[in-house]
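K.L.:
Hey, dropping model-v9.tsv in here, TSV, C-alpha atoms and all ligand atoms:
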chain	number	residue	atom	x	y	z
G	1	MET	CA	-16.28	-13.84	4.59
G	2	SER	CA	-12.61	-14.30	5.34
G	3	SER	CA	-10.78	-11.02	5.71
G	4	VAL	CA	-7.54	-9.92	4.12
G	5	LEU	CA	-6.69	-7.86	7.20
G	6	LYS	CA	-7.92	-7.82	10.76
G	7	LEU	CA	-6.63	-5.61	13.57
G	8	GLU	CA	-7.66	-6.30	17.14
G	9	ASN	CA	-7.02	-3.63	19.76
G	10	VAL	CA	-3.78	-2.46	18.20
G	11	SER	CA	-1.95	0.18	20.22
G	12	LYS	CA	1.36	1.90	19.61
G	13	ALA	CA	3.34	4.10	21.95
G	14	PHE	CA	6.64	5.87	21.27
G	15	MET	CA	9.03	7.24	23.88
G	16	ASP	CA	9.83	10.92	23.49
G	17	GLY	CA	12.64	11.30	25.99
G	18	ASP	CA	11.02	10.24	29.27
G	19	VAL	CA	7.52	10.82	28.02
G	20	GLN	CA	5.47	8.06	26.44
G	21	ILE	CA	3.28	9.18	23.53
G	22	GLU	CA	0.34	6.94	22.72
G	23	VAL	CA	-0.04	7.34	18.98
G	24	LEU	CA	-2.58	4.54	18.38
G	25	LYS	CA	-5.10	3.56	21.04
G	26	SER	CA	-6.76	0.17	20.75
G	27	ILE	CA	-7.56	0.22	17.05
G	28	SER	CA	-9.70	-2.54	15.54
G	29	LEU	CA	-10.45	-2.93	11.86
G	30	LYS	CA	-11.49	-5.57	9.36
G	31	VAL	CA	-10.82	-5.31	5.63
G	32	ASN	CA	-12.31	-7.70	3.07
G	33	ARG	CA	-11.31	-8.59	-0.45
G	34	GLY	CA	-12.35	-6.07	-3.07
G	35	GLU	CA	-12.33	-3.15	-0.62
G	36	PHE	CA	-10.47	0.06	-1.33
G	37	ILE	CA	-10.10	2.03	1.90
G	38	ALA	CA	-8.91	5.57	2.59
G	39	ILE	CA	-7.33	6.72	5.83
G	40	GLU	CA	-7.27	10.43	6.55
G	41	GLY	CA	-6.55	12.56	9.58
G	42	PRO	CA	-4.39	15.46	10.75
G	43	SER	CA	-0.62	15.50	10.35
G	44	GLY	CA	0.99	13.51	13.15
G	45	SER	CA	-2.19	11.57	13.93
G	46	GLY	CA	-0.55	8.20	13.29
G	47	LYS	CA	-1.58	7.34	9.72
G	48	SER	CA	1.90	6.28	8.59
G	49	THR	CA	2.48	4.50	11.88
G	50	LEU	CA	-0.70	2.48	11.38
G	51	LEU	CA	0.22	1.67	7.78
G	52	SER	CA	3.70	0.56	8.87
G	53	ILE	CA	2.20	-1.74	11.50
G	54	ILE	CA	-0.25	-3.21	8.99
G	55	GLY	CA	2.66	-3.68	6.58
G	56	ALA	CA	4.71	-5.60	9.16
G	57	LEU	CA	7.40	-2.91	9.11
G	58	LEU	CA	6.73	-1.89	12.70
G	59	THR	CA	5.48	-3.94	15.65
G	60	PRO	CA	2.60	-2.70	17.80
G	61	THR	CA	2.98	-2.17	21.55
G	62	SER	CA	-0.05	-4.42	22.03
G	63	GLY	CA	-2.84	-5.99	20.02
G	64	SER	CA	-3.05	-8.52	17.18
G	65	ILE	CA	-2.71	-8.31	13.42
G	66	PHE	CA	-4.09	-10.95	11.09
G	67	ILE	CA	-3.09	-10.96	7.44
G	68	ASP	CA	-4.89	-13.54	5.30
G	69	ASN	CA	-6.14	-14.98	8.60
G	70	GLU	CA	-2.66	-15.55	9.96
G	71	ASN	CA	-1.77	-13.89	13.24
G	72	ILE	CA	1.53	-12.19	12.46
G	73	SER	CA	1.79	-10.43	15.83
G	74	LYS	CA	4.20	-12.97	17.30
G	75	TYR	CA	6.21	-13.55	14.14
G	76	GLN	CA	10.00	-13.34	14.16
G	77	PRO	CA	11.72	-10.88	11.79
G	78	ALA	CA	12.45	-13.55	9.15
G	79	GLU	CA	8.80	-14.58	9.04
G	80	LEU	CA	7.72	-10.94	8.82
G	81	THR	CA	10.02	-10.46	5.84
G	82	LYS	CA	8.22	-13.32	4.11
G	83	VAL	CA	4.82	-11.79	4.84
G	84	ARG	CA	5.98	-8.46	3.40
G	85	LEU	CA	7.23	-10.14	0.27
G	86	ASN	CA	4.33	-12.50	-0.37
G	87	ASN	CA	1.22	-10.88	1.09
G	88	ILE	CA	1.74	-7.13	0.85
G	89	GLY	CA	2.41	-4.61	-1.91
G	90	PHE	CA	3.76	-1.20	-0.90
G	91	ILE	CA	3.32	2.10	-2.71
G	92	PHE	CA	4.96	5.16	-1.22
G	93	GLN	CA	5.24	8.75	-2.29
G	94	SER	CA	8.89	8.41	-3.17
G	95	SER	CA	8.60	4.90	-4.35
G	96	ASN	CA	12.23	3.84	-4.39
G	97	LEU	CA	12.24	3.06	-8.06
G	98	ILE	CA	15.69	2.60	-9.54
G	99	PRO	CA	16.34	5.51	-11.93
G	100	PHE	CA	18.40	3.68	-14.53
G	101	LEU	CA	16.30	0.57	-14.85
G	102	SER	CA	13.61	0.34	-17.52
G	103	VAL	CA	9.96	0.09	-16.52
G	104	LYS	CA	9.89	-3.58	-17.45
G	105	ASP	CA	13.07	-4.47	-15.55
G	106	GLN	CA	11.81	-2.54	-12.52
G	107	LEU	CA	8.81	-4.87	-12.34
G	108	LEU	CA	10.85	-8.02	-12.89
G	109	LEU	CA	13.27	-7.01	-10.15
G	110	VAL	CA	10.56	-7.56	-7.54
G	111	SER	CA	10.74	-11.26	-8.14
G	112	ASP	CA	14.01	-12.94	-7.34
G	113	ILE	CA	16.52	-13.61	-10.09
G	114	ASN	CA	15.25	-17.10	-10.83
G	115	LYS	CA	11.65	-16.07	-10.95
G	116	SER	CA	12.38	-13.09	-13.16
G	117	ARG	CA	13.53	-15.49	-15.87
G	118	ASN	CA	10.25	-17.23	-15.50
G	119	ASN	CA	7.70	-16.60	-18.23
G	120	GLU	CA	4.84	-16.33	-15.78
G	121	TYR	CA	6.48	-13.24	-14.32
G	122	LYS	CA	7.11	-11.74	-17.71
G	123	THR	CA	3.47	-12.23	-18.64
G	124	LYS	CA	2.36	-10.66	-15.36
G	125	ALA	CA	4.64	-7.66	-15.91
G	126	ALA	CA	3.36	-7.21	-19.46
G	127	GLN	CA	-0.25	-7.38	-18.25
G	128	LEU	CA	0.32	-4.74	-15.55
G	129	ILE	CA	2.23	-2.48	-17.92
G	130	HIS	CA	-0.73	-2.68	-20.27
G	131	ASP	CA	-3.37	-2.19	-17.53
G	132	LEU	CA	-1.67	0.89	-16.18
G	133	GLY	CA	-1.24	2.52	-19.56
G	134	LEU	CA	2.54	2.20	-19.68
G	135	ALA	CA	2.92	0.07	-22.81
G	136	HIS	CA	4.56	2.87	-24.78
G	137	ARG	CA	6.96	3.36	-21.87
G	138	GLU	CA	8.03	-0.17	-21.03
G	139	ASP	CA	11.58	0.29	-22.27
G	140	SER	CA	11.99	3.83	-20.94
G	141	LYS	CA	14.21	4.38	-17.94
G	142	ILE	CA	12.55	5.60	-14.76
G	143	HIS	CA	14.41	8.91	-14.80
G	144	GLN	CA	12.83	9.65	-18.18
G	145	LEU	CA	9.26	9.36	-16.87
G	146	SER	CA	6.86	11.98	-15.53
G	147	GLY	CA	5.74	11.92	-11.89
G	148	GLY	CA	2.41	10.32	-12.79
G	149	GLU	CA	4.08	7.66	-14.91
G	150	LYS	CA	6.48	6.83	-12.08
G	151	GLN	CA	3.62	6.47	-9.66
G	152	ARG	CA	1.89	4.08	-12.06
G	153	VAL	CA	5.09	2.01	-12.24
G	154	ALA	CA	5.07	1.94	-8.43
G	155	ILE	CA	1.48	0.65	-8.50
G	156	ALA	CA	2.36	-1.99	-11.08
G	157	ARG	CA	5.31	-3.08	-8.99
G	158	ALA	CA	3.16	-3.38	-5.88
G	159	PHE	CA	0.92	-5.86	-7.73
G	160	MET	CA	3.77	-7.95	-9.18
G	161	ASN	CA	3.99	-10.57	-6.45
G	162	ASN	CA	0.22	-10.92	-6.43
G	163	PRO	CA	-0.24	-9.73	-2.83
G	164	ASP	CA	-3.72	-9.69	-1.29
G	165	LEU	CA	-3.16	-6.36	0.42
G	166	ILE	CA	-1.85	-3.14	-1.13
G	167	LEU	CA	-0.71	-0.30	1.15
G	168	ALA	CA	-0.23	3.20	-0.22
G	169	ASP	CA	1.02	6.15	1.83
G	170	GLU	CA	0.03	9.38	0.07
G	171	PRO	CA	0.69	7.97	-3.40
G	172	THR	CA	-0.44	11.18	-5.08
G	173	ALA	CA	1.38	13.72	-2.93
G	174	SER	CA	3.83	14.68	-5.68
G	175	LEU	CA	1.22	14.87	-8.45
G	176	ASP	CA	-1.16	17.57	-9.64
G	177	SER	CA	-4.80	16.78	-8.94
G	178	ASP	CA	-5.71	15.46	-12.41
G	179	ARG	CA	-2.77	13.08	-12.52
G	180	GLY	CA	-3.31	12.18	-8.88
G	181	ARG	CA	-6.88	11.23	-9.60
G	182	GLN	CA	-5.88	9.14	-12.61
G	183	VAL	CA	-3.37	7.24	-10.51
G	184	VAL	CA	-5.93	6.55	-7.77
G	185	GLU	CA	-8.52	5.50	-10.35
G	186	MET	CA	-6.05	2.99	-11.73
G	187	LEU	CA	-5.25	1.71	-8.27
G	188	SER	CA	-8.97	1.33	-7.56
G	189	ARG	CA	-9.53	-0.49	-10.85
G	190	GLU	CA	-6.72	-2.96	-10.24
G	191	VAL	CA	-8.04	-3.66	-6.74
G	192	LYS	CA	-11.49	-4.47	-8.16
G	193	ASN	CA	-10.26	-6.41	-11.20
G	194	MET	CA	-7.94	-8.60	-9.17
G	195	ASN	CA	-10.16	-8.79	-6.09
G	196	LYS	CA	-7.46	-7.42	-3.77
G	197	ALA	CA	-7.76	-5.06	-0.82
G	198	ALA	CA	-6.03	-1.69	-0.60
G	199	ILE	CA	-5.52	0.91	2.09
G	200	MET	CA	-4.47	4.39	1.05
G	201	VAL	CA	-3.43	7.24	3.34
G	202	THR	CA	-4.38	10.52	1.74
G	203	HIS	CA	-4.63	14.19	2.59
G	204	ASP	CA	-6.63	14.83	-0.55
G	205	LYS	CA	-10.36	14.90	0.13
G	206	ARG	CA	-11.05	14.86	-3.62
G	207	MET	CA	-9.85	11.25	-3.76
G	208	LEU	CA	-12.30	9.97	-1.15
G	209	ASP	CA	-15.17	9.36	-3.57
G	210	LEU	CA	-12.99	6.75	-5.31
G	211	CYS	CA	-12.79	4.69	-2.10
G	212	ASP	CA	-15.34	2.29	-0.62
G	213	ARG	CA	-14.77	3.31	3.00
G	214	VAL	CA	-13.18	6.34	4.64
G	215	LEU	CA	-11.46	5.95	8.01
G	216	HIS	CA	-10.43	8.90	10.13
G	217	ILE	CA	-7.65	8.88	12.71
G	218	GLU	CA	-7.52	11.48	15.43
G	219	ASP	CA	-6.30	11.41	19.03
G	220	GLY	CA	-5.18	7.83	18.54
G	221	LYS	CA	-8.67	6.60	17.65
G	222	LEU	CA	-9.94	5.26	14.34
G	223	THR	CA	-13.49	6.11	13.30
G	224	GLU	CA	-15.37	5.35	10.13
G	225	ARG	CA	-16.78	8.32	8.22
G	226	GLN	CA	-20.08	8.00	6.48
G	227	LYS	CA	-19.58	8.53	2.78
G	228	LYS	CA	-21.74	11.26	1.33
U	1	LIG	N1	9.98	6.23	15.47
U	1	LIG	C1	9.32	7.18	16.14
U	1	LIG	N2	9.75	7.57	17.36
U	1	LIG	C2	9.08	8.50	18.07
U	1	LIG	N3	7.95	9.09	17.66
U	1	LIG	C3	7.47	8.74	16.46
U	1	LIG	C4	8.11	7.77	15.63
U	1	LIG	N4	7.40	7.63	14.50
U	1	LIG	C5	6.35	8.47	14.59
U	1	LIG	N5	6.39	9.14	15.78
U	1	LIG	C6	5.40	10.11	16.24
U	1	LIG	O1	4.12	9.51	16.14
U	1	LIG	C7	3.16	10.45	15.69
U	1	LIG	C8	2.46	9.94	14.45
U	1	LIG	O2	3.36	9.95	13.35
U	1	LIG	P1	2.93	9.49	11.89
U	1	LIG	O3	4.11	9.61	11.04
U	1	LIG	O4	2.27	8.16	11.99
U	1	LIG	O5	1.83	10.60	11.53
U	1	LIG	P2	1.03	10.85	10.17
U	1	LIG	O6	-0.42	10.82	10.53
U	1	LIG	O7	1.49	9.90	9.12
U	1	LIG	O8	1.45	12.35	9.81
U	1	LIG	P3	1.64	13.05	8.37
U	1	LIG	O9	0.26	13.33	7.86
U	1	LIG	O10	2.38	14.30	8.71
U	1	LIG	O11	2.43	12.12	7.49
U	1	LIG	C9	3.90	11.76	15.51
U	1	LIG	O12	3.73	12.53	16.68
U	1	LIG	C10	5.34	11.34	15.36
U	1	LIG	O13	6.21	12.31	15.82
U	2	MG	MG	2.51	10.13	7.27
Is it possible to give me this structure as structure tokens?
Ligand SMILES: Nc1ncnc2c1ncn2[C@@H]1O[C@H](COP(=O)(O)OP(=O)(O)OP(=O)(O)O)[C@@H](O)[C@H]1O
Ligand SMILES: [Mg+2]
P.N.:
Amino acid sequence: MSSVLKLENVSKAFMDGDVQIEVLKSISLKVNRGEFIAIEGPSGSGKSTLLSIIGALLTPTSGSIFIDNENISKYQPAELTKVRLNNIGFIFQSSNLIPFLSVKDQLLLVSDINKSRNNEYKTKAAQLIHDLGLAHREDSKIHQLSGGEKQRVAIARAFMNNPDLILADEPTASLDSDRGRQVVEMLSREVKNMNKAAIMVTHDKRMLDLCDRVLHIEDGKLTERQKK
């Protein structure tokens, strides 16, 4: 099966003054379509660093990254921007939604101005708004929404450009556990319905049963945890 994401021996080191810190040590990973993956591990273990490398926001010190079977490791910044736009959807804890835009306009903003006038995009936005239970909120402004509603808008937005890979860094951190679970359930459902792949960093062990695989990072190494 062709993979959405493949990492081969990815390492990342940062300089802390004169000292080099190896945050990721030769990490390899393959993610297929339809898979919803959790990454957990102690604070400072490199989870966000790994997600940023996978999301083409940060370059590794060594190793290769394949997204949709394309080796992006040697890409120039302009090409990486294209990959981020077309192949990847990002969901972060503070999801950079624009407070005074409506839910609908927030989704249409992802596409460029020309595309947002396009009916295909409007249909897609309407479908996502419906799927994520936001229909009654589509004309509300972001600042009028609850934390859980905002996070669902962020999920919808991540799916707008039809990316194969969704990356979420602690998407439930600002939510209570019921709302957090609802949000992750919706993310999981969209991944399955649309046959995408998603990787979610989480501190919340109660979310792990919603994921297909659980990866653990510690001391720079990635290991796969057996699901109970
Ligand atoms: N740009 C940077 N320059 C130097 N060191 C960095 C940089 N980014 C991250 N680090 C270091 O790399 C390590 C991993 O950081 P990272 O943010 O990936 O951890 P994390 O697992 O996401 O932690 P948390 O659970 O607290 O979010 C930390 O020791 C951090 O200080
Ligand atoms: Mg982090």
K.L.:
Using all atoms listed in the file, can you tell me which of G:Ser73, G:Gln151, G:Thr223, G:Thr172 comes closest to G:Asn96?
P.N.:
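Result for the nearest residue to G:Asn96: G:Gln151.
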K.L.:
Check the smallest atom-to-atom distance from each of G:Leu51, G:Ile67, G:Val183, G:Leu108 to ligand LIG 1 (chain U) using all atoms listed in the file, then report the winner.
P.N.:
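Smallest distance to ligand LIG 1 (chain U) is found for G:Leu51.
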K.L.:
At a cut-off of 9 Å around ligand LIG 1 (chain U), and using only C-alpha atoms and all ligand atoms, what residues come up? Please write them as a PyMOL selection string.
P.N.:
chain G and resi 12-16+21-24+40-52+169-170+201-203+217-218+220
K.L.:
Please provide as a list in words all residues within 7 Å of stretch 78-89 of chain G, with the sequence filter that same-chain residues fewer than 4 positions apart are discarded (counting only C-alpha atoms).
P.N.:
Gly55, Ala56, Ala158, Phe159, Asn161, Pro163, Asp164, Leu165, Ile166 and Leu167 of chain G
K.L.:
Restricting the calculation to all atoms listed in the file: of G:Ser26, G:Gln93, G:Asn118, G:Ser64, which residue gets closest to ligand MG 2 (chain U)?
P.N.:
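Checking each of G:Ser26, G:Gln93, G:Asn118, G:Ser64 against ligand MG 2 (chain U), counting all atoms listed in the file, the winner is G:Gln93.
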K.L.:
For atom CA of G:Phe36 and atom CA of G:Ser3, determine how far apart the two atoms are, in Å to one decimal place.
P.N.:
13.1 Å
K.L.:
Between G:Asp212, G:Glu120, G:Asp18, G:Glu185, which has the minimum distance to G:Asn162 (counting only C-alpha atoms)?
P.N.:
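Between G:Asp212, G:Glu120, G:Asp18, G:Glu185, the residue approaching G:Asn162 most closely is G:Glu120.
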K.L.:
Edge lengths and centre in Å to one decimal, as JSON, of the axis-aligned box that encloses all listed atoms of stretch 87-103 of chain G with 8 Å added on every side?
P.N.:
{"center_x": 9.8, "center_y": -1.1, "center_z": -8.2, "size_x": 33.2, "size_y": 35.6, "size_z": 34.6}
K.L.:
Counting only C-alpha atoms and all ligand atoms, which residue out of G:Ile39, G:Phe100, G:Lys196, G:Asn69 sits closest to ligand MG 2 (chain U)?
P.N.:
G:Ile39
